[in-house]
$ cat data.cif   # mmCIF, C-alpha atoms
data_work
#
loop_
_atom_site.label_atom_id
_atom_site.label_comp_id
_atom_site.auth_asym_id
_atom_site.auth_seq_id
_atom_site.Cartn_x
_atom_site.Cartn_y
_atom_site.Cartn_z
CA MET A 22 110.79 123.61 76.72
CA GLN A 23 108.00 121.19 77.15
CA GLU A 24 107.30 119.88 80.62
CA THR A 25 106.56 116.15 80.69
CA ARG A 26 103.14 115.35 82.04
CA ARG A 27 103.34 113.98 85.54
CA ASP A 28 101.12 111.23 86.91
CA ILE A 29 100.61 109.94 90.44
CA PHE A 30 103.23 107.24 90.01
CA GLN A 31 105.88 109.79 89.17
CA ALA A 32 104.60 111.83 92.10
CA ILE A 33 105.27 109.02 94.54
CA ALA A 34 108.52 107.93 92.86
CA ASP A 35 110.48 110.32 95.05
CA PRO A 36 111.24 109.37 98.70
CA THR A 37 110.79 112.95 99.95
CA ARG A 38 107.39 113.20 98.30
CA ARG A 39 106.35 109.88 99.82
CA ALA A 40 107.46 111.15 103.22
CA ILE A 41 105.40 114.33 102.70
CA LEU A 42 102.35 112.23 101.86
CA GLY A 43 102.95 110.16 104.99
CA LEU A 44 103.05 113.31 107.11
CA ILE A 45 99.94 114.98 105.77
CA ALA A 46 97.97 111.72 105.64
CA LEU A 47 97.56 112.07 109.39
CA GLN A 48 96.72 115.78 109.52
CA ALA A 49 96.66 118.85 107.27
CA MET A 50 99.88 120.81 107.64
CA THR A 51 101.29 124.22 106.75
CA PRO A 52 104.32 124.43 104.42
CA ASN A 53 106.52 125.49 107.34
CA ALA A 54 105.46 122.55 109.48
CA ILE A 55 106.17 120.17 106.60
CA ALA A 56 109.57 121.72 105.86
CA GLU A 57 110.65 121.29 109.49
CA HIS A 58 110.64 117.52 108.97
CA PHE A 59 113.28 117.64 106.24
CA HIS A 60 116.92 118.59 106.02
CA SER A 61 116.53 119.93 102.50
CA SER A 62 115.81 123.60 101.85
CA ARG A 63 112.33 125.09 102.12
CA GLN A 64 112.37 125.74 98.37
CA ALA A 65 113.18 122.10 97.66
CA VAL A 66 110.35 120.90 99.89
CA SER A 67 108.02 123.47 98.35
CA LYS A 68 108.86 122.18 94.88
CA HIS A 69 107.97 118.64 95.94
CA ILE A 70 104.66 119.85 97.39
CA HIS A 71 103.81 121.58 94.13
CA ILE A 72 104.45 118.43 92.13
CA LEU A 73 102.07 116.61 94.48
CA ILE A 74 99.48 119.36 93.96
CA GLU A 75 99.94 119.19 90.21
CA CYS A 76 99.19 115.48 90.36
CA LYS A 77 96.19 116.20 92.59
CA LEU A 78 97.53 113.97 95.37
CA VAL A 79 97.57 116.99 97.66
CA LYS A 80 94.91 119.67 98.10
CA GLN A 81 95.52 123.10 99.55
CA GLU A 82 93.14 124.88 101.82
CA LEU A 83 93.28 128.43 103.06
CA THR A 84 92.51 128.72 106.78
CA GLY A 85 92.81 132.33 107.95
CA ARG A 86 96.13 133.48 106.52
CA GLU A 87 97.73 130.04 106.50
CA ILE A 88 97.78 127.55 103.69
CA TYR A 89 97.22 123.97 104.81
CA TYR A 90 98.09 120.99 102.67
CA GLN A 91 96.13 117.80 102.93
CA LEU A 92 96.06 114.40 101.28
CA ASN A 93 93.50 113.79 98.55
CA PRO A 94 92.40 110.23 99.37
CA GLN A 95 90.41 109.90 96.14
CA LYS A 96 93.58 110.32 94.10
CA MET A 97 95.54 108.03 96.41
CA LYS A 98 92.94 105.40 95.59
CA GLU A 99 94.34 105.21 92.04
CA VAL A 100 97.57 103.88 93.51
CA ALA A 101 95.66 101.41 95.65
CA ASP A 102 93.56 100.28 92.68
CA TRP A 103 96.66 99.60 90.65
CA LEU A 104 98.13 97.39 93.37
CA GLU A 105 94.88 95.74 94.46
CA PRO A 106 94.63 92.78 92.03
CA PHE A 107 98.22 91.79 92.78
CA ARG A 108 97.62 92.09 96.50
CA LYS A 109 94.50 89.95 96.28
CA LEU A 110 96.27 87.28 94.28
CA TRP A 111 99.09 86.91 96.79
CA GLU A 112 96.94 87.18 99.88
CA GLY A 113 94.70 84.45 98.46
CA ARG A 114 97.73 82.25 97.80
CA TYR A 115 99.13 82.75 101.26
CA ARG A 116 95.79 82.05 102.91
CA LYS A 117 95.82 78.69 101.15
CA LEU A 118 99.45 78.11 102.10
CA ASP A 119 98.61 78.81 105.75
CA ASN A 120 95.87 76.19 105.59
CA LEU A 121 98.18 73.71 103.90
CA LEU A 122 100.88 74.23 106.52
CA ALA A 123 98.33 73.79 109.30
CA ASN A 124 97.24 70.49 107.74
CA LEU A 125 100.83 69.29 107.36
CA LYS A 126 101.51 70.11 110.97
CA ASN A 127 98.45 68.24 112.19
CA LYS A 128 99.39 65.13 110.23
CA LYS A 129 102.78 64.91 111.93
CA MET B 191 94.05 83.10 114.42
CA MET B 192 94.82 86.47 112.86
CA GLU B 193 96.07 86.27 109.30
CA ASN B 194 99.61 87.54 108.86
CA PRO B 195 99.80 90.58 106.61
CA THR B 196 101.52 90.37 103.22
CA LYS B 197 103.76 93.36 102.65
CA PHE B 198 104.43 94.62 99.14
CA ILE B 199 107.22 96.99 98.29
CA VAL B 200 106.51 98.23 94.80
CA GLU B 201 108.35 101.45 94.26
CA PRO B 202 107.35 103.53 91.26
CA GLY B 203 110.08 103.64 88.64
CA LYS B 204 111.89 100.50 89.85
CA GLN B 205 112.11 97.20 88.00
CA GLU B 206 111.60 95.16 91.12
CA VAL B 207 109.02 93.97 93.60
CA TYR B 208 109.43 92.74 97.15
CA ILE B 209 106.82 90.54 98.78
CA ILE B 210 107.31 89.86 102.48
CA ARG B 211 105.18 87.51 104.55
CA GLU B 212 105.59 85.74 107.88
CA PHE B 213 104.24 82.27 108.60
CA ASP B 214 103.52 80.76 112.00
CA TYR B 215 105.24 77.55 110.91
CA PRO B 216 108.83 76.25 110.89
CA VAL B 217 111.15 77.32 108.10
CA GLY B 218 111.58 73.78 106.74
CA MET B 219 107.85 73.40 106.25
CA VAL B 220 107.46 76.74 104.50
CA PHE B 221 110.45 75.98 102.28
CA ASN B 222 109.06 72.58 101.29
CA ALA B 223 105.70 74.11 100.42
CA HIS B 224 107.64 76.15 97.83
CA ALA B 225 109.92 73.38 96.55
CA ASP B 226 107.71 70.28 96.55
CA PRO B 227 105.38 70.36 93.51
CA ASP B 228 102.82 68.14 95.30
CA LEU B 229 102.50 70.87 97.93
CA LEU B 230 102.88 73.77 95.52
CA VAL B 231 99.78 72.83 93.51
CA GLN B 232 97.71 73.07 96.65
CA TRP B 233 98.20 76.78 97.17
CA LEU B 234 99.81 78.49 94.19
CA GLY B 235 96.84 79.37 91.99
CA PRO B 236 94.12 81.95 92.55
CA ASP B 237 90.98 80.79 94.41
CA ASN B 238 88.91 79.97 91.35
CA ARG B 239 91.71 78.17 89.47
CA LYS B 240 93.57 74.87 89.52
CA VAL B 241 97.29 74.36 89.04
CA LYS B 242 98.56 71.53 86.84
CA ILE B 243 102.25 70.66 86.85
CA ASP B 244 103.71 69.93 83.42
CA TYR B 245 107.15 69.19 84.91
CA TYR B 246 108.87 70.31 88.07
CA ASP B 247 112.42 69.43 89.05
CA SER B 248 113.09 71.70 91.98
CA ARG B 249 116.81 70.94 92.31
CA THR B 250 119.62 73.38 91.54
CA GLY B 251 119.85 73.35 87.73
CA GLY B 252 116.33 71.95 87.38
CA SER B 253 113.39 73.47 85.56
CA TYR B 254 109.65 73.76 85.83
CA ARG B 255 106.51 74.43 83.88
CA TYR B 256 102.99 74.62 85.19
CA LEU B 257 99.56 75.53 83.89
CA ILE B 258 96.72 77.45 85.46
CA LEU B 259 93.37 75.85 84.64
CA SER B 260 89.82 77.07 85.00
CA GLN B 261 87.50 74.96 87.17
CA ALA B 262 86.29 73.38 83.92
CA GLY B 263 89.87 72.33 83.16
CA LYS B 264 90.53 74.86 80.40
CA GLU B 265 94.08 76.25 80.22
CA VAL B 266 94.13 79.90 81.29
CA ALA B 267 97.86 80.54 81.59
CA ALA B 268 101.22 78.77 81.58
CA PHE B 269 104.49 79.62 83.31
CA ASN B 270 107.99 78.20 83.08
CA GLY B 271 111.48 78.80 84.35
CA VAL B 272 114.76 77.28 85.46
CA ILE B 273 115.97 76.83 88.99
CA HIS B 274 119.30 78.48 89.49
CA GLU B 275 119.64 77.43 93.10
CA CYS B 276 117.56 75.47 95.56
CA THR B 277 119.21 75.32 98.97
CA PHE B 278 117.18 73.79 101.80
CA PRO B 279 115.87 75.50 103.86
CA GLU B 280 117.06 79.00 103.10
CA ARG B 281 117.01 80.03 99.45
CA ILE B 282 115.43 79.39 96.06
CA MET B 283 116.50 81.39 93.00
CA GLN B 284 114.67 80.85 89.76
CA THR B 285 113.58 82.49 86.54
CA PHE B 286 109.91 83.01 85.81
CA GLU B 287 108.22 83.55 82.46
CA TYR B 288 104.56 83.96 81.53
CA GLU B 289 103.97 82.16 78.24
CA GLY B 290 100.96 84.23 77.19
CA LEU B 291 102.91 87.25 75.96
CA PRO B 292 103.26 88.08 72.24
CA GLN B 293 107.01 87.46 72.34
CA ARG B 294 109.37 85.58 74.59
CA GLY B 295 112.09 87.03 76.76
CA HIS B 296 110.04 88.85 79.41
CA VAL B 297 111.61 86.89 82.23
CA SER B 298 111.99 87.82 85.87
CA LEU B 299 114.56 86.56 88.34
CA ASP B 300 112.88 85.57 91.59
CA THR B 301 114.82 85.05 94.79
CA MET B 302 113.03 83.58 97.79
CA ILE B 303 114.76 83.95 101.13
CA PHE B 304 113.43 81.88 104.03
CA GLU B 305 114.48 83.07 107.48
CA GLU B 306 113.84 81.37 110.78
CA LEU B 307 112.18 83.59 113.37
CA PRO B 308 111.91 82.94 117.11
CA GLY B 309 108.98 80.73 118.12
CA ASN B 310 109.30 78.38 115.12
CA LYS B 311 108.12 81.03 112.71
CA THR B 312 109.37 81.93 109.26
CA LYS B 313 109.89 85.12 107.36
CA LEU B 314 109.72 84.81 103.59
CA THR B 315 111.08 87.55 101.36
CA ILE B 316 110.52 87.28 97.62
CA HIS B 317 112.56 89.64 95.49
CA SER B 318 111.57 89.75 91.81
CA VAL B 319 113.70 91.67 89.33
CA PHE B 320 112.22 92.34 85.89
CA ARG B 321 113.96 93.31 82.65
CA SER B 322 111.97 96.53 82.31
CA LEU B 323 109.51 98.72 84.15
CA ALA B 324 106.84 97.74 81.63
CA ASP B 325 107.47 94.06 82.42
CA ARG B 326 107.07 94.68 86.11
CA ASP B 327 103.94 96.75 85.80
CA GLY B 328 102.46 94.20 83.40
CA MET B 329 103.01 91.46 85.96
CA MET B 330 101.57 93.63 88.72
CA GLN B 331 98.34 94.02 86.82
CA SER B 332 98.09 90.41 85.70
CA GLY B 333 95.92 89.57 88.70
CA VAL B 334 93.14 91.45 86.94
CA GLU B 335 91.91 88.15 85.48
CA THR B 336 90.48 87.30 88.89
CA GLY B 337 87.89 89.94 88.13
CA VAL B 338 88.53 92.43 90.83
CA ASN B 339 85.99 95.16 91.17
CA GLU B 340 86.78 97.23 94.19
CA GLY B 341 84.25 99.39 95.85
CA TYR B 342 85.06 102.10 98.24
CA VAL B 343 88.57 101.86 99.64
CA LYS B 344 88.79 103.04 103.20
CA LEU B 345 91.41 105.49 104.29
CA GLU B 346 93.00 102.84 106.49
CA LYS B 347 93.61 100.73 103.43
CA LEU B 348 95.09 103.70 101.62
CA LEU B 349 97.47 104.25 104.47
CA GLY B 350 98.39 100.58 104.34
CA VAL B 351 99.26 100.90 100.67
CA MET B 352 101.18 104.08 101.35
CA SER B 353 103.24 102.51 104.07
CA SER B 354 104.06 99.63 101.75
CA ILE B 355 105.10 102.05 99.04
CA ALA B 356 107.19 104.02 101.49
CA GLY B 357 108.87 100.77 102.50
#
$ encode --input "data.cif" --output "structure tokens"
Amino acid sequence: MQETRRDIFQAIADPTRRAILGLIALQAMTPNAIAEHFHSSRQAVSKHIHILIECKLVKQELTGREIYYQLNPQKMKEVADWLEPFRKLWEGRYRKLDNLLANLKNKK
Amino acid sequence: MMENPTKFIVEPGKQEVYIIREFDYPVGMVFNAHADPDLLVQWLGPDNRKVKIDYYDSRTGGSYRYLILSQAGKEVAAFNGVIHECTFPERIMQTFEYEGLPQRGHVSLDTMIFEELPGNKTKLTIHSVFRSLADRDGMMQSGVETGVNEGYVKLEKLLGVMSSIAG
């Protein structure tokens, strides 16, 4: 059976995986600490973490005997880069709309 | 005054996009800026472009077509659609099609909901539904023409994107 290649967009397609990213964005966490935040089984959470690792969105670090998972901001940047032109376009539009509305209000 | 943030909800694997923005102006004004072509041309295009209306009948059952021009007046892009519903001051539903694609039929359905907030403010929610994931992602990346070349993206920005993805 051939496993389909996963990319970062598939990695963040799942709500649990997005929640995991949100958690470890703030601080590196152990698998147990991450699992405590979810109702699903430890195995299920672990599977999600491994998909994130496979997509390089999460890095693991060994500290003493504990594994800590942390966000890989460089990889997260690929998501940001994809969205950035669209964001810029709309923010530019709305800046102009703000100015237009301010002018309309002053004329009244 | 601080600029209001524009929130994007672009979930991977979904054929839709939400854009949510608040304005410090009354709902009627914000609605009119979206329905009156004379106002629309003043803000719709990217910074380095001009908008030229071909036709724009913003009533229920009406239709529209507009062009995006370079500063030199050269046509860069054209868009058209029909207006399914235009109800002052709360809702506009319309189709949207980019004419520059190899074949027709890549149309999105855009619903704009205007909500009055306390203090004479307005919340605008745009919900765009595309026919396919490829259509959506193509539209998402269409802003590339503005020549974006991002440098280093700070972690704060990444978190902002993440929170928008997480909804």
$ closest_residue --input "data.cif" --among "B:Ser322, B:Tyr254, B:Ser332, B:Phe221" --to "chain A" --atoms "only C-alpha atoms"
B:Ser332
$ closest_residue --input "data.cif" --among "A:Trp103, A:Gly85, A:Ile55, A:Asn127" --to "chain B" --atoms "all atoms listed in the file"
A:Trp103
$ interface_residues --input "data.cif" --of "chain A" --to "chain B" --cutoff "7 Å" --atoms "all atoms listed in the file" --output "list of chain:residue names"
A:Phe30, A:Gln31, A:Ile33, A:Ala34, A:Arg39, A:Pro94, A:Met97, A:Lys98, A:Ala101, A:Trp103, A:Leu104, A:Pro106, A:Phe107, A:Leu110, A:Glu112, A:Gly113, A:Arg114, A:Lys117, A:Leu118
$ residues_around --input "data.cif" --residues "B:Arg326" --least-positions-apart "4" --cutoff "8 Å" --atoms "only C-alpha atoms" --output "list in words"
Gln205, Glu206, Val207, Val319, Phe320, Arg321, Ser322 and Met330 of chain B
$ residues_around --input "data.cif" --residues "A:Ile72" --least-positions-apart "2" --cutoff "12 Å" --atoms "all atoms listed in the file" --output "ChimeraX atom specification"
/A:24-35,37-39,41-42,65-70,74-80
$ resolve_selection --input "data.cif" --expression "the PyMOL selection byres ((chain B and resi 264-271) around 8)" --output "PDB file with C-alpha atoms, in the frame of the given file"
ATOM      1  CA  SER B 253     113.390  73.470  85.560  1.00  0.00           C
ATOM      2  CA  TYR B 254     109.650  73.760  85.830  1.00  0.00           C
ATOM      3  CA  ARG B 255     106.510  74.430  83.880  1.00  0.00           C
ATOM      4  CA  TYR B 256     102.990  74.620  85.190  1.00  0.00           C
ATOM      5  CA  LEU B 257      99.560  75.530  83.890  1.00  0.00           C
ATOM      6  CA  ILE B 258      96.720  77.450  85.460  1.00  0.00           C
ATOM      7  CA  LEU B 259      93.370  75.850  84.640  1.00  0.00           C
ATOM      8  CA  SER B 260      89.820  77.070  85.000  1.00  0.00           C
ATOM      9  CA  GLN B 261      87.500  74.960  87.170  1.00  0.00           C
ATOM     10  CA  ALA B 262      86.290  73.380  83.920  1.00  0.00           C
ATOM     11  CA  GLY B 263      89.870  72.330  83.160  1.00  0.00           C
ATOM     12  CA  VAL B 272     114.760  77.280  85.460  1.00  0.00           C
ATOM     13  CA  ILE B 273     115.970  76.830  88.990  1.00  0.00           C
ATOM     14  CA  GLN B 284     114.670  80.850  89.760  1.00  0.00           C
ATOM     15  CA  THR B 285     113.580  82.490  86.540  1.00  0.00           C
ATOM     16  CA  PHE B 286     109.910  83.010  85.810  1.00  0.00           C
ATOM     17  CA  GLU B 287     108.220  83.550  82.460  1.00  0.00           C
ATOM     18  CA  TYR B 288     104.560  83.960  81.530  1.00  0.00           C
ATOM     19  CA  GLU B 289     103.970  82.160  78.240  1.00  0.00           C
ATOM     20  CA  GLY B 290     100.960  84.230  77.190  1.00  0.00           C
TER      21      GLY B 290
END
$ atom_distance --input "data.cif" --atom1 "atom CA of A:Glu82" --atom2 "atom CA of A:Phe59"
21.9 Å
$ atom_distance --input "data.cif" --atom1 "atom CA of B:Gly295" --atom2 "atom CA of B:Asp325"
10.1 Å
$ closest_residue --input "data.cif" --among "A:Lys129, A:Arg108, A:His71, A:Asn93" --to "A:Gln48" --atoms "all atoms listed in the file"
A:Asn93
$ atom_distance --input "data.cif" --atom1 "atom CA of B:Glu305" --atom2 "atom CA of B:Pro279"
8.5 Å
$ closest_residue --input "data.cif" --among "B:Asp247, B:Ala225, B:Lys240, B:Pro292" --to "B:Thr277" --atoms "only C-alpha atoms"
B:Ala225
